[in-house]
>>> print(open('coords-v2.txt').read())   # compact mmCIF, C-alpha atoms
# COMPACT_ATOMS: atom_id res chain seq x y z
CA MET Y 1 -20.69 21.41 -35.23
CA GLU Y 2 -17.79 19.16 -36.14
CA ASN Y 3 -15.62 20.92 -33.59
CA LEU Y 4 -18.22 20.33 -30.91
CA SER Y 5 -18.32 16.65 -31.86
CA LEU Y 6 -14.54 16.38 -31.57
CA LEU Y 7 -14.64 18.19 -28.24
CA TRP Y 8 -17.32 15.81 -26.95
CA GLN Y 9 -15.33 12.75 -28.07
CA SER Y 10 -12.29 14.01 -26.17
CA THR Y 11 -14.16 14.35 -22.88
CA GLY Y 12 -13.89 11.81 -20.10
CA ILE Y 13 -17.64 11.31 -20.07
CA HIS Y 14 -17.56 10.02 -23.65
CA THR Y 15 -14.49 7.81 -23.36
CA ILE Y 16 -14.78 6.37 -19.85
CA HIS Y 17 -15.93 2.76 -19.48
CA ALA Y 18 -17.50 0.79 -16.66
CA GLY Y 19 -14.23 -0.78 -15.50
CA GLN Y 20 -12.60 2.60 -15.02
CA VAL Y 21 -15.61 3.85 -13.07
CA LEU Y 22 -15.46 0.79 -10.82
CA MET Y 23 -11.74 1.23 -10.14
CA MET Y 24 -12.22 4.92 -9.42
CA LEU Y 25 -14.84 3.90 -6.87
CA VAL Y 26 -12.26 1.53 -5.38
CA GLY Y 27 -9.91 4.50 -5.13
CA PHE Y 28 -12.57 6.56 -3.35
CA LEU Y 29 -13.18 3.61 -0.99
CA LEU Y 30 -9.49 3.57 -0.08
CA LEU Y 31 -9.64 7.32 0.54
CA PHE Y 32 -12.69 6.80 2.78
CA LEU Y 33 -10.89 4.11 4.80
CA ALA Y 34 -7.85 6.36 5.15
CA ILE Y 35 -9.64 9.59 6.05
CA LYS Y 36 -12.77 8.46 7.86
CA LYS Y 37 -11.64 5.17 9.42
CA ASP Y 38 -7.95 6.10 9.85
CA PHE Y 39 -6.87 2.76 8.33
CA GLU Y 40 -3.17 3.10 7.41
CA PRO Y 41 -3.80 6.63 6.01
CA LEU Y 42 -0.16 7.30 5.10
CA LEU Y 43 -0.39 4.55 2.52
CA LEU Y 44 -4.03 4.13 1.59
CA LEU Y 45 -4.53 7.83 0.82
CA PRO Y 46 -1.82 8.07 -1.89
CA ILE Y 47 -2.70 4.58 -3.19
CA GLY Y 48 -6.38 5.52 -3.46
CA PHE Y 49 -5.59 8.82 -5.15
CA GLY Y 50 -3.20 7.07 -7.53
CA ALA Y 51 -5.96 4.61 -8.42
CA ILE Y 52 -8.28 7.49 -9.33
CA LEU Y 53 -5.61 9.23 -11.41
CA SER Y 54 -4.67 6.06 -13.28
CA ASN Y 55 -8.27 5.46 -14.37
CA ILE Y 56 -8.99 8.93 -15.74
CA PRO Y 57 -9.53 8.32 -19.46
CA VAL Y 58 -7.49 10.12 -22.13
CA ALA Y 59 -5.21 11.82 -19.54
CA GLY Y 60 -2.57 9.07 -19.81
CA ILE Y 61 -1.27 9.77 -16.31
CA ALA Y 62 -0.28 6.13 -15.70
CA GLU Y 63 0.69 5.35 -19.28
CA GLU Y 64 4.22 5.53 -20.63
CA GLY Y 65 5.39 9.12 -20.38
CA GLY Y 66 2.90 10.00 -17.64
CA ILE Y 67 4.09 11.05 -14.19
CA LEU Y 68 2.93 7.84 -12.53
CA SER Y 69 4.89 5.74 -15.03
CA TYR Y 70 8.07 7.52 -13.94
CA LEU Y 71 7.25 7.04 -10.27
CA TYR Y 72 6.68 3.35 -10.93
CA LEU Y 73 10.36 3.03 -11.88
CA GLY Y 74 11.12 3.37 -8.16
CA ILE Y 75 9.16 0.17 -7.55
CA LYS Y 76 10.32 -1.64 -10.67
CA THR Y 77 13.95 -1.12 -9.69
CA GLY Y 78 13.28 -1.94 -6.03
CA VAL Y 79 14.54 1.45 -4.83
CA PHE Y 80 11.38 2.60 -3.03
CA PRO Y 81 10.89 -0.54 -0.87
CA LEU Y 82 14.56 -0.51 0.12
CA LEU Y 83 14.46 3.16 1.12
CA ILE Y 84 11.29 2.46 3.12
CA PHE Y 85 13.17 -0.34 4.90
CA MET Y 86 15.99 2.05 5.78
CA GLY Y 87 13.46 4.48 7.26
CA VAL Y 88 11.74 1.71 9.20
CA GLY Y 89 15.12 0.64 10.55
CA ALA Y 90 15.78 4.20 11.73
CA MET Y 91 12.47 4.14 13.63
CA THR Y 92 13.01 0.68 15.14
CA ASP Y 93 14.21 -0.08 18.64
CA PHE Y 94 15.59 -3.59 18.99
CA GLY Y 95 15.63 -3.18 22.78
CA PRO Y 96 12.43 -5.15 23.54
CA MET Y 97 13.55 -8.03 21.34
CA LEU Y 98 17.08 -8.11 22.75
CA ALA Y 99 15.68 -7.96 26.29
CA ASN Y 100 13.67 -11.09 25.56
CA PRO Y 101 15.35 -12.99 22.67
CA LYS Y 102 12.72 -15.73 22.84
CA THR Y 103 10.38 -13.41 20.99
CA LEU Y 104 12.40 -14.12 17.84
CA LEU Y 105 10.59 -17.46 17.78
CA LEU Y 106 7.24 -15.65 17.72
CA GLY Y 107 8.32 -13.54 14.77
CA ALA Y 108 9.44 -16.71 12.98
CA ALA Y 109 6.22 -18.59 13.77
CA ALA Y 110 4.08 -15.81 12.34
CA GLN Y 111 5.79 -16.28 8.98
CA PHE Y 112 4.24 -19.74 8.65
CA GLY Y 113 1.35 -18.09 6.83
CA ILE Y 114 3.72 -17.14 4.01
CA PHE Y 115 4.71 -20.71 3.19
CA ALA Y 116 1.20 -22.07 3.73
CA THR Y 117 -0.11 -19.54 1.24
CA LEU Y 118 2.55 -20.54 -1.28
CA LEU Y 119 0.94 -23.96 -1.42
CA GLY Y 120 -2.53 -22.42 -1.42
CA ALA Y 121 -1.73 -20.27 -4.45
CA LEU Y 122 -0.57 -23.31 -6.38
CA ALA Y 123 -3.69 -25.21 -5.29
CA LEU Y 124 -5.88 -22.47 -6.78
CA ASN Y 125 -4.69 -23.55 -10.21
CA MET Y 126 -7.30 -26.28 -9.99
CA ILE Y 127 -9.97 -23.58 -10.42
CA PRO Y 128 -10.72 -22.97 -14.11
CA GLY Y 129 -9.49 -19.56 -15.21
CA LEU Y 130 -6.71 -19.31 -12.62
CA GLU Y 131 -3.12 -20.06 -13.51
CA PHE Y 132 -0.46 -19.00 -11.03
CA THR Y 133 3.15 -19.91 -11.76
CA LEU Y 134 5.56 -20.74 -8.94
CA LYS Y 135 6.89 -17.18 -9.13
CA ASP Y 136 3.36 -15.79 -8.90
CA ALA Y 137 2.62 -18.01 -5.90
CA ALA Y 138 5.81 -16.93 -4.13
CA ALA Y 139 4.99 -13.24 -4.68
CA ILE Y 140 1.42 -13.73 -3.42
CA ALA Y 141 2.58 -15.71 -0.38
CA ILE Y 142 4.66 -12.86 1.03
CA ILE Y 143 1.42 -10.99 1.76
CA GLY Y 144 1.14 -13.24 4.82
CA GLY Y 145 3.97 -11.34 6.47
CA ALA Y 146 1.81 -8.16 6.50
CA ASP Y 147 4.85 -6.22 5.33
CA GLY Y 148 4.00 -3.91 2.43
CA PRO Y 149 7.53 -2.94 1.32
CA THR Y 150 8.68 -6.57 1.37
CA ALA Y 151 5.61 -7.68 -0.59
CA ILE Y 152 6.24 -4.98 -3.20
CA TYR Y 153 9.94 -5.83 -3.44
CA VAL Y 154 9.30 -9.54 -3.98
CA ALA Y 155 6.44 -8.90 -6.43
CA SER Y 156 8.58 -6.52 -8.47
CA ARG Y 157 11.19 -9.26 -8.79
CA LEU Y 158 8.97 -12.30 -9.35
CA ALA Y 159 5.54 -11.17 -10.60
CA PRO Y 160 5.48 -7.51 -11.70
CA ASP Y 161 2.18 -8.03 -13.51
CA LEU Y 162 0.52 -8.87 -10.17
CA LEU Y 163 2.11 -5.97 -8.30
CA GLY Y 164 -1.02 -3.83 -8.02
CA ALA Y 165 -3.19 -6.56 -6.53
CA ILE Y 166 -0.43 -7.79 -4.21
CA ALA Y 167 0.39 -4.28 -2.95
CA VAL Y 168 -3.25 -3.40 -2.32
CA ALA Y 169 -3.84 -6.71 -0.54
CA ALA Y 170 -0.72 -6.32 1.63
CA TYR Y 171 -1.43 -2.74 2.66
CA SER Y 172 -5.15 -3.34 3.06
CA TYR Y 173 -4.59 -6.20 5.48
CA MET Y 174 -1.98 -4.14 7.32
CA ALA Y 175 -4.61 -1.42 7.70
CA LEU Y 176 -7.24 -3.94 8.81
CA VAL Y 177 -5.10 -5.41 11.60
CA PRO Y 178 -7.43 -3.96 14.31
CA LEU Y 179 -10.39 -5.73 12.68
CA ILE Y 180 -8.86 -9.04 11.56
CA GLN Y 181 -6.62 -9.99 14.47
CA PRO Y 182 -8.79 -9.58 17.63
CA PRO Y 183 -11.37 -12.29 16.76
CA ILE Y 184 -8.57 -14.78 16.04
CA MET Y 185 -6.73 -13.84 19.22
CA ARG Y 186 -9.86 -14.21 21.36
CA ALA Y 187 -10.78 -17.53 19.75
CA LEU Y 188 -7.35 -19.05 20.48
CA THR Y 189 -6.91 -17.78 24.06
CA THR Y 190 -8.80 -17.98 27.32
CA VAL Y 191 -9.63 -15.00 29.53
CA GLU Y 192 -6.99 -16.20 31.99
CA GLU Y 193 -4.34 -16.34 29.28
CA ARG Y 194 -5.19 -12.86 28.01
CA GLY Y 195 -4.85 -11.54 31.54
CA ILE Y 196 -1.31 -12.88 32.10
CA GLU Y 197 1.00 -10.10 33.30
CA MET Y 198 4.56 -10.31 32.03
CA GLN Y 199 7.62 -9.38 34.05
CA GLN Y 200 9.39 -6.08 33.49
CA MET Y 201 12.12 -6.34 30.86
CA ARG Y 202 15.78 -5.70 31.56
CA ASN Y 203 17.51 -2.60 30.26
CA VAL Y 204 19.40 -3.16 27.02
CA SER Y 205 22.73 -1.38 26.69
CA LYS Y 206 23.63 0.92 23.84
CA THR Y 207 26.49 -1.42 22.92
CA GLU Y 208 24.07 -4.31 22.41
CA LYS Y 209 21.87 -2.17 20.19
CA ILE Y 210 24.86 -1.18 18.05
CA ILE Y 211 26.28 -4.68 17.74
CA PHE Y 212 22.99 -6.41 16.85
CA PRO Y 213 22.36 -4.84 13.39
CA LEU Y 214 25.99 -5.51 12.45
CA VAL Y 215 25.73 -9.17 13.52
CA LEU Y 216 22.41 -9.49 11.71
CA LEU Y 217 23.92 -8.07 8.52
CA VAL Y 218 26.93 -10.41 8.65
CA LEU Y 219 24.75 -13.47 9.25
CA THR Y 220 22.49 -12.47 6.37
CA ALA Y 221 25.45 -11.98 4.05
CA LEU Y 222 26.86 -15.40 4.96
CA LEU Y 223 23.66 -17.45 5.07
CA LEU Y 224 21.07 -15.72 2.86
CA PRO Y 225 22.60 -13.18 0.46
CA SER Y 226 19.34 -12.73 -1.45
CA ALA Y 227 17.84 -11.10 1.66
CA ALA Y 228 20.80 -8.73 2.00
CA PRO Y 229 19.21 -5.77 0.15
CA LEU Y 230 16.23 -5.66 2.53
CA ILE Y 231 18.10 -6.59 5.71
CA GLY Y 232 21.05 -4.40 4.77
CA MET Y 233 19.00 -1.22 4.37
CA PHE Y 234 17.06 -2.05 7.53
CA CYS Y 235 20.30 -2.51 9.48
CA LEU Y 236 21.77 0.71 8.08
CA GLY Y 237 18.78 2.72 9.28
CA ASN Y 238 18.84 1.03 12.67
CA LEU Y 239 22.59 1.53 13.11
CA MET Y 240 22.23 5.25 12.39
CA HIS Y 241 19.55 5.37 15.09
CA ALA Y 242 21.32 3.19 17.66
CA SER Y 243 24.77 4.74 17.31
CA GLY Y 244 23.53 8.22 18.22
CA VAL Y 245 26.34 9.90 16.25
CA VAL Y 246 24.38 10.76 13.11
CA ASP Y 247 21.15 12.13 14.52
CA ARG Y 248 20.56 14.33 11.47
CA LEU Y 249 20.79 11.34 9.12
CA SER Y 250 18.71 9.14 11.39
CA LYS Y 251 15.96 11.74 11.73
CA THR Y 252 15.98 12.39 7.99
CA ALA Y 253 15.65 8.66 7.22
CA ALA Y 254 12.88 8.24 9.81
CA ASN Y 255 10.95 11.36 8.82
CA GLU Y 256 11.54 13.41 5.66
CA LEU Y 257 12.97 10.62 3.48
CA ILE Y 258 10.46 7.91 4.38
CA ASN Y 259 7.59 10.40 4.06
CA ILE Y 260 8.66 11.47 0.56
CA VAL Y 261 9.20 7.88 -0.57
CA THR Y 262 5.85 6.83 0.92
CA ILE Y 263 4.05 9.44 -1.20
CA PHE Y 264 5.82 8.29 -4.36
CA LEU Y 265 5.40 4.59 -3.54
CA GLY Y 266 1.69 4.99 -2.81
CA LEU Y 267 1.03 6.83 -6.06
CA ALA Y 268 3.10 4.29 -8.01
CA VAL Y 269 1.16 1.39 -6.48
CA GLY Y 270 -2.08 3.19 -7.28
CA SER Y 271 -0.97 3.46 -10.89
CA LYS Y 272 -1.25 -0.33 -11.13
CA LEU Y 273 -4.91 -0.24 -10.15
CA SER Y 274 -6.06 0.53 -13.65
CA ALA Y 275 -9.15 -1.37 -14.78
CA ASP Y 276 -7.28 -3.37 -17.43
CA ALA Y 277 -4.66 -4.62 -14.98
CA PHE Y 278 -6.78 -5.10 -11.85
CA LEU Y 279 -10.22 -6.39 -12.88
CA LYS Y 280 -9.25 -10.03 -13.33
CA LEU Y 281 -10.14 -13.32 -11.66
CA GLU Y 282 -6.55 -13.56 -10.43
CA THR Y 283 -7.08 -10.42 -8.35
CA LEU Y 284 -9.89 -12.01 -6.36
CA GLY Y 285 -7.71 -15.05 -5.79
CA ILE Y 286 -4.87 -12.86 -4.53
CA LEU Y 287 -7.13 -10.92 -2.17
CA ALA Y 288 -8.59 -14.17 -0.79
CA LEU Y 289 -5.17 -15.78 -0.34
CA GLY Y 290 -3.83 -12.64 1.31
CA ALA Y 291 -6.58 -12.77 3.92
CA VAL Y 292 -5.94 -16.46 4.57
CA ALA Y 293 -2.19 -15.87 4.84
CA PHE Y 294 -2.62 -13.06 7.33
CA CYS Y 295 -5.03 -15.09 9.46
CA ILE Y 296 -2.68 -18.10 9.48
CA GLY Y 297 0.28 -15.90 10.45
CA THR Y 298 -1.69 -14.40 13.34
CA ALA Y 299 -2.89 -17.80 14.53
CA THR Y 300 0.51 -19.51 14.41
CA GLY Y 301 2.07 -16.64 16.35
CA VAL Y 302 -0.53 -16.97 19.12
CA ILE Y 303 -0.21 -20.76 19.21
CA MET Y 304 3.59 -20.56 19.45
CA ALA Y 305 3.26 -18.09 22.34
CA LYS Y 306 0.88 -20.49 24.12
CA ILE Y 307 3.40 -23.31 23.73
CA MET Y 308 6.26 -21.12 24.94
CA ASN Y 309 4.22 -20.01 27.97
CA ARG Y 310 3.70 -23.63 28.97
CA PHE Y 311 7.42 -24.37 29.05
CA SER Y 312 8.77 -20.95 30.08
CA SER Y 313 9.98 -20.19 33.58
CA THR Y 314 8.55 -16.67 33.24
CA PRO Y 315 4.95 -16.00 32.14
CA ILE Y 316 4.30 -15.19 28.47
CA ASN Y 317 0.99 -13.68 27.41
CA PRO Y 318 -0.10 -15.47 24.20
CA LEU Y 319 -1.50 -12.21 22.83
CA ILE Y 320 1.99 -10.96 22.00
CA GLY Y 321 2.35 -13.85 19.53
CA ALA Y 322 -0.07 -12.12 17.17
CA ALA Y 323 2.39 -9.22 16.97
CA GLY Y 324 4.80 -11.54 15.14
CA VAL Y 325 3.40 -10.27 11.86
CA SER Y 326 5.28 -7.29 10.45
CA ALA Y 327 2.59 -4.63 10.84
CA VAL Y 328 4.70 -2.33 13.04
CA PRO Y 329 3.57 -1.00 15.49
CA MET Y 330 -0.15 -1.61 14.86
CA ALA Y 331 -0.06 -5.34 15.70
CA ALA Y 332 1.72 -4.58 18.99
CA ARG Y 333 -0.93 -1.97 19.84
CA VAL Y 334 -3.71 -4.49 19.16
CA ALA Y 335 -2.09 -6.99 21.54
CA ASN Y 336 -1.74 -4.29 24.18
CA LYS Y 337 -5.37 -3.21 23.75
CA LEU Y 338 -6.73 -6.73 24.18
CA GLY Y 339 -4.55 -7.25 27.23
CA LEU Y 340 -5.88 -4.08 28.85
CA GLU Y 341 -9.46 -5.12 28.10
CA THR Y 342 -8.97 -8.23 30.21
CA ASN Y 343 -6.70 -6.74 32.86
CA PRO Y 344 -6.46 -2.92 33.28
CA HIS Y 345 -2.95 -3.36 34.73
CA ASN Y 346 -1.70 -5.52 31.87
CA PHE Y 347 0.56 -3.36 29.71
CA LEU Y 348 1.89 -5.51 26.88
CA LEU Y 349 3.01 -2.89 24.36
CA MET Y 350 6.77 -3.13 24.91
CA HIS Y 351 6.60 -6.92 25.26
CA ALA Y 352 4.68 -7.13 21.97
CA MET Y 353 7.19 -4.88 20.21
CA GLY Y 354 9.76 -7.68 20.54
CA PRO Y 355 7.94 -10.16 18.27
CA ASN Y 356 6.71 -7.25 16.13
CA VAL Y 357 10.28 -6.23 15.28
CA ALA Y 358 11.25 -9.89 14.94
CA GLY Y 359 8.43 -10.20 12.40
CA VAL Y 360 10.02 -7.52 10.22
CA ILE Y 361 13.24 -9.52 10.19
CA GLY Y 362 11.31 -12.75 9.67
CA SER Y 363 9.41 -11.46 6.64
CA ALA Y 364 12.63 -10.17 5.06
CA VAL Y 365 14.29 -13.55 5.65
CA ALA Y 366 11.26 -15.34 4.21
CA ALA Y 367 11.47 -13.05 1.17
CA GLY Y 368 15.14 -13.94 0.78
CA VAL Y 369 14.33 -17.65 0.94
CA LEU Y 370 11.66 -17.30 -1.74
CA LEU Y 371 13.91 -15.23 -3.98
CA SER Y 372 16.66 -17.84 -3.61
CA LEU Y 373 14.44 -20.84 -4.35
CA VAL Y 374 12.22 -19.30 -7.04
CA ARG Y 375 14.04 -17.70 -9.95
>>> encode(input="coords-v2.txt", output="structure tokens")
Amino acid sequence: MENLSLLWQSTGIHTIHAGQVLMMLVGFLLLFLAIKKDFEPLLLLPIGFGAILSNIPVAGIAEEGGILSYLYLGIKTGVFPLLIFMGVGAMTDFGPMLANPKTLLLGAAAQFGIFATLLGALALNMIPGLEFTLKDAAAIAIIGGADGPTAIYVASRLAPDLLGAIAVAAYSYMALVPLIQPPIMRALTTVEERGIEMQQMRNVSKTEKIIFPLVLLVLTALLLPSAAPLIGMFCLGNLMHASGVVDRLSKTAANELINIVTIFLGLAVGSKLSADAFLKLETLGILALGAVAFCIGTATGVIMAKIMNRFSSTPINPLIGAAGVSAVPMAARVANKLGLETNPHNFLLMHAMGPNVAGVIGSAVAAGVLLSLVR
């Protein structure tokens, strides 16, 4: 009888508590969004599964010595986000941005949400029970760039205790781009503006594509060294792709390597969704601020595009401004979809990829600025 009692006490049914059940349900919700709704499945599926694993009582999967604790070292050291950036660089074509350099301004404008949210996070300290330090606020603010690896990298440096909430917020809003952005884009543009057809872009030479990542790296090293880890790995991946002389390395970085790291990163992020670490008032504040940041970034990108269209000698469709956030290539696809809804002959995908790629650079630069100013 005593043995049966000990066996019962060691079961999950006996030891599980309400918080763990709730967080496991959150994990199942993320799996549902990934599998059924196809929202960023490459990330939400491993994150959701990691959340379930980390909340299984007694198993100790996410505790020190568990497999998820070892995977988390890749985030804690910053290795996983940097390897992701190298893979993203290998998949990126700077051609659309180089063909229309003005789109760099759209990528920069969309980062306004980051710095607006920095102030918003500090303002939340007026609410009883919330207390965000400047480092916490800086880590939360980067969610506005809709760039998961950058958000994780900054959070691991400035606010590791908030990493789980920040990562989930960043990747969730990346996944919800098709739901969040269109209403904002429609509200800020007229039917006529959404129907603007842009001129065909010029062809960008291979030499330009090779020189650009090198120039970008040098400028980063000279002006903003704290952004060099992110920009450097991004430029390395892009140079391997653009040069055309290391196809095996480029394809590995863009496929096998980034896929493996994505699995590990997702599980490691999920390990921080344990009930003890996640079920706090601060988490709700982070999720709310992340939504605000993303909306502001989308809006400022569209508004900047409207201003540029007014003064540009060639037409600019304001929809591409929303692609200034770093959700590559989903934000560009959303802009293209809305353009086609208004005008069946309005293909904006390649035009939107310019600010979309610029947004990746912009979010990394913004991260470097925050890391330099907040230590």
>>> closest_residue(input="coords-v2.txt", among="Y:Leu281, Y:Leu230, Y:Leu257, Y:Ala327", to="Leu162 (chain Y)", atoms="only C-alpha atoms")
Y:Leu281
>>> atom_distance(input="coords-v2.txt", atom1="CA of Asn317 (chain Y)", atom2="CA of Leu348 (chain Y)")
8.2 Å
>>> closest_residue(input="coords-v2.txt", among="Y:Pro96, Y:His17, Y:Ala364, Y:Ala90", to="Asn203 (chain Y)", atoms="all atoms listed in the file")
Y:Pro96
>>> closest_residue(input="coords-v2.txt", among="Y:Ala167, Y:Ala116, Y:Ala146, Y:Ala277", to="Pro329 (chain Y)", atoms="only C-alpha atoms")
Y:Ala146
>>> residues_around(input="coords-v2.txt", residues="Gly164 (chain Y)", least_positions_apart="3", cutoff="9 Å", atoms="all atoms listed in the file", output="list of chain:residue names")
Y:Ile152, Y:Pro160, Y:Asp161, Y:Ala167, Y:Val168, Y:Ala169, Y:Val269, Y:Gly270, Y:Ser271, Y:Lys272, Y:Leu273, Y:Ser274, Y:Ala277, Y:Phe278, Y:Thr283
>>> closest_atom_pairs(input="coords-v2.txt", of="region 70-130 of chain Y", to="region 135-143 of chain Y", cutoff="6 Å", atoms="all atoms listed in the file", output="JSON lines")
{"residue": "Y:Ile114", "atom": "CA", "partner": "Y:Ala141", "partner_atom": "CA", "distance": 4.8}
{"residue": "Y:Thr117", "atom": "CA", "partner": "Y:Ala141", "partner_atom": "CA", "distance": 5.0}
{"residue": "Y:Leu118", "atom": "CA", "partner": "Y:Ala141", "partner_atom": "CA", "distance": 4.9}
{"residue": "Y:Ala121", "atom": "CA", "partner": "Y:Ala137", "partner_atom": "CA", "distance": 5.1}
>>> closest_residue(input="coords-v2.txt", among="Y:Ile263, Y:Leu289, Y:Leu68, Y:Leu319", to="Thr190 (chain Y)", atoms="all atoms listed in the file")
Y:Leu319
>>> residues_around(input="coords-v2.txt", residues="Thr150 (chain Y)", least_positions_apart="4", cutoff="10 Å", atoms="all atoms listed in the file", output="NGL selection string")
:Y and (78 or 81-82 or 84-85 or 139 or 142-143 or 145-146 or 154-156 or 167 or 170 or 230 or 326 or 360 or 363-368)
>>> write_last_selection(input="coords-v2.txt", atoms="C-alpha atoms", output="PDB file, in the frame of the given file")
ATOM      1  CA  GLY Y  78      13.280  -1.940  -6.030  1.00  0.00           C
ATOM      2  CA  PRO Y  81      10.890  -0.540  -0.870  1.00  0.00           C
ATOM      3  CA  LEU Y  82      14.560  -0.510   0.120  1.00  0.00           C
ATOM      4  CA  ILE Y  84      11.290   2.460   3.120  1.00  0.00           C
ATOM      5  CA  PHE Y  85      13.170  -0.340   4.900  1.00  0.00           C
ATOM      6  CA  ALA Y 139       4.990 -13.240  -4.680  1.00  0.00           C
ATOM      7  CA  ILE Y 142       4.660 -12.860   1.030  1.00  0.00           C
ATOM      8  CA  ILE Y 143       1.420 -10.990   1.760  1.00  0.00           C
ATOM      9  CA  GLY Y 145       3.970 -11.340   6.470  1.00  0.00           C
ATOM     10  CA  ALA Y 146       1.810  -8.160   6.500  1.00  0.00           C
ATOM     11  CA  VAL Y 154       9.300  -9.540  -3.980  1.00  0.00           C
ATOM     12  CA  ALA Y 155       6.440  -8.900  -6.430  1.00  0.00           C
ATOM     13  CA  SER Y 156       8.580  -6.520  -8.470  1.00  0.00           C
ATOM     14  CA  ALA Y 167       0.390  -4.280  -2.950  1.00  0.00           C
ATOM     15  CA  ALA Y 170      -0.720  -6.320   1.630  1.00  0.00           C
ATOM     16  CA  LEU Y 230      16.230  -5.660   2.530  1.00  0.00           C
ATOM     17  CA  SER Y 326       5.280  -7.290  10.450  1.00  0.00           C
ATOM     18  CA  VAL Y 360      10.020  -7.520  10.220  1.00  0.00           C
ATOM     19  CA  SER Y 363       9.410 -11.460   6.640  1.00  0.00           C
ATOM     20  CA  ALA Y 364      12.630 -10.170   5.060  1.00  0.00           C
ATOM     21  CA  VAL Y 365      14.290 -13.550   5.650  1.00  0.00           C
ATOM     22  CA  ALA Y 366      11.260 -15.340   4.210  1.00  0.00           C
ATOM     23  CA  ALA Y 367      11.470 -13.050   1.170  1.00  0.00           C
ATOM     24  CA  GLY Y 368      15.140 -13.940   0.780  1.00  0.00           C
TER      25      GLY Y 368
END
>>> closest_residue(input="coords-v2.txt", among="Y:Leu284, Y:Leu106, Y:Ile52, Y:Ala123", to="Ile166 (chain Y)", atoms="all atoms listed in the file")
Y:Leu284
>>> atom_distance(input="coords-v2.txt", atom1="CA of Leu33 (chain Y)", atom2="CA of Val177 (chain Y)")
13.1 Å
>>> closest_residue(input="coords-v2.txt", among="Y:Leu267, Y:Ile196, Y:Val302, Y:Val204", to="Asn343 (chain Y)", atoms="all atoms listed in the file")
Y:Ile196
>>> atom_distance(input="coords-v2.txt", atom1="CA of Asn255 (chain Y)", atom2="CA of Gly87 (chain Y)")
7.5 Å
>>> residues_around(input="coords-v2.txt", residues="Pro344 (chain Y)", least_positions_apart="5", cutoff="12 Å", atoms="only C-alpha atoms", output="ChimeraX atom specification")
/Y:194-197,336-339
>>> residues_around(input="coords-v2.txt", residues="Leu349 (chain Y)", least_positions_apart="4", cutoff="8 Å", atoms="all atoms listed in the file", output="MDAnalysis selection string")
chainID Y and resid 332:333 335:336 353
>>> closest_atom_pairs(input="coords-v2.txt", of="region 26-117 of chain Y", to="region 205-226 of chain Y", cutoff="8 Å", atoms="all atoms listed in the file", output="Markdown table")
| residue | atom | partner | partner_atom | distance |
| --- | --- | --- | --- | --- |
| Y:Phe94 | CA | Y:Lys209 | CA | 6.5 |
| Y:Gly95 | CA | Y:Lys209 | CA | 6.8 |
| Y:Leu98 | CA | Y:Glu208 | CA | 8.0 |
>>> residues_around(input="coords-v2.txt", residues="Met198 (chain Y)", least_positions_apart="4", cutoff="10 Å", atoms="all atoms listed in the file", output="CSV table (one decimal) with C-alpha atoms, in the coordinates of the input")
chain,number,residue,atom,x,y,z
Y,314,THR,CA,8.6,-16.7,33.2
Y,315,PRO,CA,5.0,-16.0,32.1
Y,316,ILE,CA,4.3,-15.2,28.5
Y,317,ASN,CA,1.0,-13.7,27.4
Y,346,ASN,CA,-1.7,-5.5,31.9
Y,347,PHE,CA,0.6,-3.4,29.7
Y,348,LEU,CA,1.9,-5.5,26.9
Y,351,HIS,CA,6.6,-6.9,25.3
>>> decode(input="coords-v2.txt", residues="region 88-97 of chain Y", atoms="N, CA and C atoms", output="PDB file, in the first residue's frame")
ATOM      1  N   VAL Y  88      19.504  33.750 -42.498  1.00  0.00           N
ATOM      2  CA  VAL Y  88      18.617  34.735 -43.131  1.00  0.00           C
ATOM      3  C   VAL Y  88      19.386  35.525 -44.181  1.00  0.00           C
ATOM      4  N   GLY Y  89      20.633  35.862 -43.870  1.00  0.00           N
ATOM      5  CA  GLY Y  89      21.464  36.569 -44.848  1.00  0.00           C
ATOM      6  C   GLY Y  89      21.673  35.760 -46.114  1.00  0.00           C
ATOM      7  N   ALA Y  90      21.856  34.439 -45.947  1.00  0.00           N
ATOM      8  CA  ALA Y  90      22.053  33.565 -47.108  1.00  0.00           C
ATOM      9  C   ALA Y  90      20.798  33.445 -47.958  1.00  0.00           C
ATOM     10  N   MET Y  91      19.634  33.725 -47.362  1.00  0.00           N
ATOM     11  CA  MET Y  91      18.375  33.654 -48.112  1.00  0.00           C
ATOM     12  C   MET Y  91      17.935  35.012 -48.658  1.00  0.00           C
ATOM     13  N   THR Y  92      18.691  36.062 -48.330  1.00  0.00           N
ATOM     14  CA  THR Y  92      18.266  37.424 -48.663  1.00  0.00           C
ATOM     15  C   THR Y  92      18.861  37.901 -49.972  1.00  0.00           C
ATOM     16  N   ASP Y  93      18.038  38.570 -50.747  1.00  0.00           N
ATOM     17  CA  ASP Y  93      18.485  39.212 -51.984  1.00  0.00           C
ATOM     18  C   ASP Y  93      18.362  40.723 -51.800  1.00  0.00           C
ATOM     19  N   PHE Y  94      19.493  41.409 -51.791  1.00  0.00           N
ATOM     20  CA  PHE Y  94      19.477  42.855 -51.628  1.00  0.00           C
ATOM     21  C   PHE Y  94      19.102  43.583 -52.914  1.00  0.00           C
ATOM     22  N   GLY Y  95      18.878  42.820 -53.981  1.00  0.00           N
ATOM     23  CA  GLY Y  95      18.581  43.435 -55.283  1.00  0.00           C
ATOM     24  C   GLY Y  95      17.456  44.453 -55.250  1.00  0.00           C
ATOM     25  N   PRO Y  96      16.263  44.105 -54.734  1.00  0.00           N
ATOM     26  CA  PRO Y  96      15.161  45.075 -54.719  1.00  0.00           C
ATOM     27  C   PRO Y  96      15.488  46.355 -53.952  1.00  0.00           C
ATOM     28  N   MET Y  97      16.238  46.232 -52.873  1.00  0.00           N
ATOM     29  CA  MET Y  97      16.596  47.425 -52.101  1.00  0.00           C
ATOM     30  C   MET Y  97      17.634  48.268 -52.833  1.00  0.00           C
TER      31      MET Y  97
END
